[in-house]
Structures are given as structure tokens and as C-alpha cells.
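Below is run-v6.txt, which holds compact mmCIF, C-alpha atoms.
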# COMPACT_ATOMS: atom_id res chain seq x y z
CA GLY A 1 -4.62 42.64 -40.48
CA GLU A 2 -8.31 42.90 -40.11
CA SER A 3 -9.69 43.01 -36.60
CA VAL A 4 -12.36 40.52 -35.73
CA GLY A 5 -14.39 40.16 -32.60
CA LEU A 6 -13.33 37.78 -29.89
CA HIS A 7 -15.73 35.04 -28.91
CA LEU A 8 -16.76 35.54 -25.29
CA PRO A 9 -18.58 32.86 -23.30
CA THR A 10 -20.63 35.49 -21.47
CA LEU A 11 -21.91 38.93 -22.34
CA SER A 12 -23.66 41.38 -20.03
CA VAL A 13 -25.63 44.12 -21.75
CA GLN A 14 -27.63 47.07 -20.50
CA GLU A 15 -31.27 47.01 -21.58
CA GLY A 16 -31.70 49.20 -24.63
CA ASP A 17 -28.10 48.89 -25.77
CA ASN A 18 -26.99 46.96 -28.84
CA SER A 19 -25.40 43.53 -28.41
CA ILE A 20 -22.75 41.96 -30.58
CA ILE A 21 -22.10 38.25 -30.30
CA ASN A 22 -19.12 36.79 -32.12
CA CYS A 23 -18.40 33.36 -33.46
CA ALA A 24 -15.40 31.84 -35.23
CA TYR A 25 -16.39 28.93 -37.43
CA SER A 26 -14.16 26.04 -38.27
CA ASN A 27 -14.72 24.83 -41.81
CA SER A 28 -13.81 27.00 -44.78
CA ALA A 29 -16.12 24.83 -46.90
CA SER A 30 -19.18 25.73 -44.80
CA ASP A 31 -21.78 27.41 -46.93
CA TYR A 32 -24.70 27.92 -44.59
CA PHE A 33 -24.77 29.47 -41.14
CA ILE A 34 -27.49 29.80 -38.55
CA TRP A 35 -27.85 31.64 -35.27
CA TYR A 36 -29.93 29.99 -32.57
CA LYS A 37 -31.15 31.26 -29.21
CA GLN A 38 -31.66 28.81 -26.37
CA GLU A 39 -33.54 29.72 -23.22
CA SER A 40 -33.32 27.65 -20.09
CA GLY A 41 -35.25 24.41 -20.37
CA LYS A 42 -36.00 24.85 -24.07
CA GLY A 43 -34.61 23.71 -27.37
CA PRO A 44 -32.67 26.07 -29.65
CA GLN A 45 -34.86 28.61 -31.41
CA PHE A 46 -34.00 29.74 -34.94
CA ILE A 47 -33.09 33.45 -35.14
CA ILE A 48 -31.56 34.14 -38.52
CA ASP A 49 -29.48 32.44 -41.18
CA ILE A 50 -27.08 33.44 -43.92
CA ARG A 51 -25.55 31.72 -46.91
CA SER A 52 -21.91 31.97 -47.87
CA ASN A 53 -22.67 34.07 -50.95
CA MET A 54 -23.82 36.90 -48.69
CA ASP A 55 -21.94 38.99 -46.14
CA LYS A 56 -24.88 40.58 -44.33
CA ARG A 57 -28.47 39.78 -43.63
CA GLN A 58 -31.00 41.64 -41.53
CA GLY A 59 -34.04 40.48 -39.64
CA GLN A 60 -36.24 42.05 -37.05
CA ARG A 61 -33.82 43.72 -34.59
CA VAL A 62 -31.08 41.29 -35.63
CA THR A 63 -28.29 41.45 -38.18
CA VAL A 64 -25.86 38.70 -39.07
CA LEU A 65 -22.49 39.51 -40.59
CA LEU A 66 -20.31 36.94 -42.30
CA ASN A 67 -16.59 37.39 -42.97
CA LYS A 68 -15.39 34.38 -44.91
CA THR A 69 -11.82 35.65 -45.16
CA VAL A 70 -11.29 35.16 -41.44
CA LYS A 71 -14.10 32.62 -40.89
CA HIS A 72 -16.01 34.89 -38.56
CA LEU A 73 -19.70 35.32 -37.92
CA SER A 74 -21.41 37.89 -35.74
CA LEU A 75 -24.93 38.52 -34.52
CA GLN A 76 -26.01 42.04 -33.70
CA ILE A 77 -29.12 42.59 -31.61
CA ALA A 78 -30.51 46.11 -31.60
CA ALA A 79 -32.10 47.63 -28.50
CA THR A 80 -31.55 44.56 -26.36
CA GLN A 81 -34.52 43.56 -24.21
CA PRO A 82 -34.79 41.39 -21.07
CA GLY A 83 -36.35 38.66 -23.22
CA ASP A 84 -33.11 38.46 -25.17
CA SER A 85 -31.36 36.90 -22.17
CA ALA A 86 -30.38 33.40 -23.33
CA VAL A 87 -27.52 31.34 -24.71
CA TYR A 88 -26.76 32.11 -28.35
CA PHE A 89 -25.17 29.55 -30.65
CA CYS A 90 -23.82 29.87 -34.13
CA ALA A 91 -23.97 26.78 -36.32
CA GLU A 92 -22.44 25.91 -39.67
CA THR A 93 -23.00 23.25 -42.25
CA TRP A 94 -21.99 22.50 -45.81
CA GLY A 95 -23.88 20.99 -48.67
CA ALA A 96 -27.59 20.31 -48.67
CA ASN A 97 -26.97 16.58 -48.89
CA ASP A 98 -24.38 16.44 -46.14
CA TYR A 99 -26.32 18.43 -43.62
CA LYS A 100 -25.02 18.11 -40.09
CA LEU A 101 -24.95 21.28 -38.07
CA SER A 102 -21.74 21.95 -36.20
CA PHE A 103 -22.33 24.24 -33.25
CA GLY A 104 -20.10 26.76 -31.54
CA ALA A 105 -19.64 26.83 -27.78
CA GLY A 106 -22.35 29.41 -27.18
CA THR A 107 -22.46 32.83 -25.57
CA THR A 108 -24.62 33.49 -22.53
CA VAL A 109 -26.22 36.92 -22.80
CA THR A 110 -27.54 38.58 -19.68
CA VAL A 111 -29.55 41.77 -20.04
CA ARG A 112 -29.31 44.20 -17.12
CA ALA A 113 -32.39 46.28 -16.35
CA LYS B 1 -48.43 24.74 -37.53
CA ALA B 2 -47.40 22.71 -34.52
CA GLY B 3 -43.69 22.62 -33.79
CA VAL B 4 -41.39 19.69 -33.28
CA THR B 5 -42.55 17.54 -30.39
CA GLN B 6 -40.50 15.14 -28.33
CA THR B 7 -41.53 12.51 -25.82
CA PRO B 8 -40.89 11.93 -23.06
CA ARG B 9 -39.58 15.27 -21.79
CA TYR B 10 -37.74 13.72 -18.85
CA LEU B 11 -36.38 10.25 -18.30
CA ILE B 12 -34.36 8.57 -15.57
CA LYS B 13 -32.59 5.29 -16.28
CA THR B 14 -29.84 3.23 -14.69
CA ARG B 15 -26.57 2.11 -16.21
CA GLY B 16 -26.88 -0.83 -18.56
CA GLN B 17 -30.49 -0.15 -19.48
CA GLN B 18 -31.65 0.94 -22.88
CA VAL B 19 -33.88 3.84 -23.80
CA THR B 20 -36.02 4.94 -26.75
CA LEU B 21 -36.83 8.59 -27.43
CA SER B 22 -39.47 9.77 -29.84
CA CYS B 23 -39.71 12.80 -32.12
CA SER B 24 -42.55 14.09 -34.28
CA PRO B 25 -41.38 16.64 -36.85
CA ILE B 26 -43.26 19.68 -38.07
CA SER B 27 -46.08 18.60 -40.36
CA GLY B 28 -44.76 18.22 -43.90
CA HIS B 29 -41.12 18.01 -42.84
CA ARG B 30 -39.34 14.90 -44.02
CA SER B 31 -35.92 15.31 -42.47
CA VAL B 32 -35.27 14.62 -38.80
CA SER B 33 -31.94 15.10 -37.09
CA TRP B 34 -30.87 14.23 -33.56
CA TYR B 35 -28.38 16.06 -31.38
CA GLN B 36 -26.90 15.50 -27.95
CA GLN B 37 -26.31 18.49 -25.70
CA THR B 38 -24.08 18.31 -22.63
CA PRO B 39 -22.35 21.04 -20.61
CA GLY B 40 -18.93 19.66 -21.49
CA GLN B 41 -19.31 18.86 -25.18
CA GLY B 42 -22.02 21.29 -26.19
CA LEU B 43 -24.34 20.41 -29.05
CA GLN B 44 -23.20 17.45 -31.10
CA PHE B 45 -24.80 15.93 -34.16
CA LEU B 46 -25.91 12.31 -33.86
CA PHE B 47 -27.64 11.48 -37.15
CA GLU B 48 -30.11 12.62 -39.76
CA TYR B 49 -32.94 10.68 -41.35
CA PHE B 50 -34.78 11.48 -44.51
CA SER B 51 -37.51 9.33 -46.04
CA GLU B 52 -36.76 6.53 -43.59
CA THR B 53 -33.07 6.43 -44.56
CA GLN B 54 -30.12 7.57 -42.49
CA ARG B 55 -28.35 10.19 -44.57
CA ASN B 56 -25.68 11.46 -42.21
CA LYS B 57 -24.09 10.22 -39.02
CA GLY B 58 -21.98 11.89 -36.35
CA ASN B 59 -19.15 10.43 -34.32
CA PHE B 60 -21.04 8.41 -31.75
CA PRO B 61 -20.68 4.74 -30.87
CA GLY B 62 -22.97 2.11 -32.27
CA ARG B 63 -24.97 2.08 -29.04
CA PHE B 64 -26.73 5.10 -30.48
CA SER B 65 -29.15 4.25 -33.24
CA GLY B 66 -32.26 5.61 -34.80
CA ARG B 67 -34.97 5.06 -37.30
CA GLN B 68 -37.63 6.97 -39.14
CA PHE B 69 -41.12 5.85 -40.01
CA SER B 70 -43.14 6.47 -43.12
CA ASN B 71 -44.98 9.34 -41.41
CA SER B 72 -41.56 10.99 -40.76
CA ARG B 73 -41.73 10.40 -37.01
CA SER B 74 -38.39 9.28 -35.66
CA GLU B 75 -37.10 7.33 -32.72
CA MET B 76 -33.66 7.27 -31.21
CA ASN B 77 -32.39 4.35 -29.16
CA VAL B 78 -29.46 4.16 -26.80
CA SER B 79 -28.47 0.72 -25.57
CA THR B 80 -26.31 -0.23 -22.58
CA LEU B 81 -26.58 3.21 -21.04
CA GLU B 82 -23.52 4.81 -19.46
CA LEU B 83 -23.35 7.66 -16.97
CA GLY B 84 -21.89 9.87 -19.70
CA ASP B 85 -25.04 9.47 -21.78
CA SER B 86 -26.84 11.83 -19.41
CA ALA B 87 -27.74 14.76 -21.62
CA LEU B 88 -30.45 16.74 -23.33
CA TYR B 89 -31.36 14.96 -26.56
CA LEU B 90 -32.71 17.31 -29.18
CA CYS B 91 -34.60 16.52 -32.33
CA ALA B 92 -34.81 18.93 -35.24
CA SER B 93 -36.72 18.84 -38.50
CA ARG B 94 -36.48 20.55 -41.88
CA GLY B 95 -38.58 20.39 -44.99
CA THR B 96 -36.63 18.63 -47.69
CA ILE B 97 -33.09 18.05 -48.77
CA GLY B 98 -32.02 21.44 -50.04
CA THR B 99 -34.17 23.26 -47.51
CA ASP B 100 -31.78 24.41 -44.89
CA THR B 101 -33.74 25.94 -42.04
CA GLN B 102 -33.90 23.46 -39.20
CA TYR B 103 -36.25 23.76 -36.25
CA PHE B 104 -35.68 22.16 -32.88
CA GLY B 105 -37.97 20.50 -30.40
CA PRO B 106 -37.83 21.09 -26.63
CA GLY B 107 -35.63 18.03 -26.03
CA THR B 108 -35.70 15.00 -23.79
CA ARG B 109 -33.66 15.28 -20.61
CA LEU B 110 -32.09 11.87 -19.95
CA THR B 111 -30.48 11.16 -16.61
CA VAL B 112 -28.49 7.95 -16.18
CA LEU B 113 -27.89 6.84 -12.59
Structure rendered as C-alpha cells:
Amino acid sequence: GESVGLHLPTLSVQEGDNSIINCAYSNSASDYFIWYKQESGKGPQFIIDIRSNMDKRQGQRVTVLLNKTVKHLSLQIAATQPGDSAVYFCAETWGANDYKLSFGAGTTVTVRA
Amino acid sequence: KAGVTQTPRYLIKTRGQQVTLSCSPISGHRSVSWYQQTPGQGLQFLFEYFSETQRNKGNFPGRFSGRQFSNSRSEMNVSTLELGDSALYLCASRGTIGTDTQYFGPGTRLTVL
């Protein structure tokens, strides 16, 4: 079978390395996915999104991959920086008129200098 | 453009009291959603309002209610507070139904004693 990444609650990364954060989503009917970053004392900050008709989308230093076959989402951060230290959440929803984001448990990323 | 604003940022109440939280969405945004964030349950959807109408509701008791005004500002009310209601309450806004990107405010930290 296909190998997918395991969701880890914490991730420690060396500054300058690439980070990969994994998320397993729950609803096969979900058609829109978002990655958020939350720093201590702040609300979630939008990073990147992807629709179910795509399998990859790139932003500035970030790439989101979607595997609908195994209901898996990943966020790749290139050249991780100290400012990337935060909790990262994936969220899913379905249907523009039934919009209620369902969030994953989150992964705490710590960047080592 | 100013982001989503929430007031107050911090609140301390005692059991049995009621509380009202306020949210001002991004200018031009007509949809406002509310979420509860706790260490144990993570981020959970409460409800969404669009054009002063509740469009979606999460699985919370009737003690949690909300409303939206004609200027899109929204309030959330929790009656008969319980210790378990202590949480970060987040408000998020998006443009219109069919516009998926949702932006969060900084949250209101509610502590129930």
C-alpha cells in the first residue's frame, strides 16, 4: 500500500532544514482544506489552502499536498526559520453553504537554532 | 485592511454568570463564525452567521448563542457559565458564501471561576 506520513503532535526541526507536517482528515466528502499557523497568544493565521480537485499547491516557502485516496494532507515548509515555530493545524470543510471548519489536533513545531 | 477584531481580549467570570463577546469582521466580509479552543478538545465550531442569519451550528448546548447585526458585527453569548466553558473563543470572517478563505481574530480568553 501507499505510505503516508504519520501525524505527530510535536516536531523539532533544525533551522534551515525543510519541515513536513502531516494531517489525516476525517470526511471523504470534504472539498476544501486549509492550513493555519497559531502562535502563542494569537488566533490562527491562514497559511495556504487547497481544493479537492487539486493534489498540490505552492505558496511562498510552503507547499500543500493532498492525497484523497488515503485522506491525507501535508504541509511542507522550506528552509524553516525561527519564526516558523508555532502550532500548525489542518482544517477541512465541505460545501460552500455548509461551511464549518473541522480542525485537526495540531502539530507543535519547534525550530532549533 | 484591518483584520478581525474581538473584544474584550480577556474576561474573568464566575459560575452561573453570563457573558457576551463581540467580533468585528474584516471590512466587507459578511460571514462570521465562532469557534471554541480548549487544550482538551482543540478547535471546535460553534456557529456561523451570514446576513444576520445563523447558517450553520456546531454541537454545543443551547447556552451558547449568537447574533449578527446589519453591519456584520457579531456577538456571542454564553449563559449560566460552567467551569468547562473556560476557553479561547475565536471569531473568523470570510467574504461571502462561496468564498472559502476564513480569517481569524486574536480571540477572547474567558476564564470561569
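Comparing A:Ala113, A:Ser85, A:Ser52, A:Trp94 by their smallest distance to Thr10 (chain A), the closest is A:Ser85 (using only C-alpha atoms).
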Which neighbours of Gly66 (chain B) fall inside 9 Å, counting all atoms listed in the file, when residues of the same chain fewer than 4 positions from it are skipped, and could you give them as a PyMOL selection string?
chain B and resi 20+34+47-49+54+74-78
Spatial neighbours of Gly40 (chain B), max dist 12 Å, all atoms listed in the file, sep filter under 4 positions, as a VMD selection string:
(chain A and resid 105 to 106) or (chain B and resid 36 44 84 to 87)
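From CA of Val32 (chain B) back to CA of Phe50 (chain B), the distance works out to 6.5 Å.
The space between CA of Thr108 (chain B) and CA of Asn22 (chain A) spans 28.6 Å.
Taking only C-alpha atoms into account, Pro82 (chain A) lies nearest to A:Val111 out of the set A:Ser40, A:Val111, A:Ile21, A:Asp55.
Of the listed residues (A:Val64, A:Val109, A:Ala78, A:Val70), A:Val70 comes nearest to Asn27 (chain A); the distances count only C-alpha atoms.
Compared by their closest atoms to chain A, and using all atoms listed in the file, the residues B:Thr111, B:Ser24, B:Gln68, B:Gln102 rank with B:Gln102 nearest.
Near chain A, within 9 Å and using all atoms listed in the file, the residues of chain B are Ser33, Gln41, Gly42, Leu43, Gln44, Phe45, Leu46, Phe47, Glu48, Arg55, Asn56, Lys57, Gly58, Leu90, Cys91, Ile97, Gly98, Thr99, Asp100, Thr101, Gln102, Tyr103, Phe104, Gly105, Pro106 and Gly107 of chain B.
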Give as an NGL selection string every residue, naming chains and numbers as the document does, that has an atom within 8 Å of (-25.8, 45.0, -27.0), counting all atoms listed in the file.
:A and (13-20 or 76-80)
Include C-alpha atoms and write out the residues we just selected as a CSV table (one decimal), keeping the file's coordinate frame.
chain,number,residue,atom,x,y,z
A,13,VAL,CA,-25.6,44.1,-21.8
A,14,GLN,CA,-27.6,47.1,-20.5
A,15,GLU,CA,-31.3,47.0,-21.6
A,16,GLY,CA,-31.7,49.2,-24.6
A,17,ASP,CA,-28.1,48.9,-25.8
A,18,ASN,CA,-27.0,47.0,-28.8
A,19,SER,CA,-25.4,43.5,-28.4
A,20,ILE,CA,-22.8,42.0,-30.6
A,76,GLN,CA,-26.0,42.0,-33.7
A,77,ILE,CA,-29.1,42.6,-31.6
A,78,ALA,CA,-30.5,46.1,-31.6
A,79,ALA,CA,-32.1,47.6,-28.5
A,80,THR,CA,-31.6,44.6,-26.4
If I take CA of Thr14 (chain B) and CA of Thr80 (chain B), how far is one from the other in Å, to one decimal?
9.3 Å
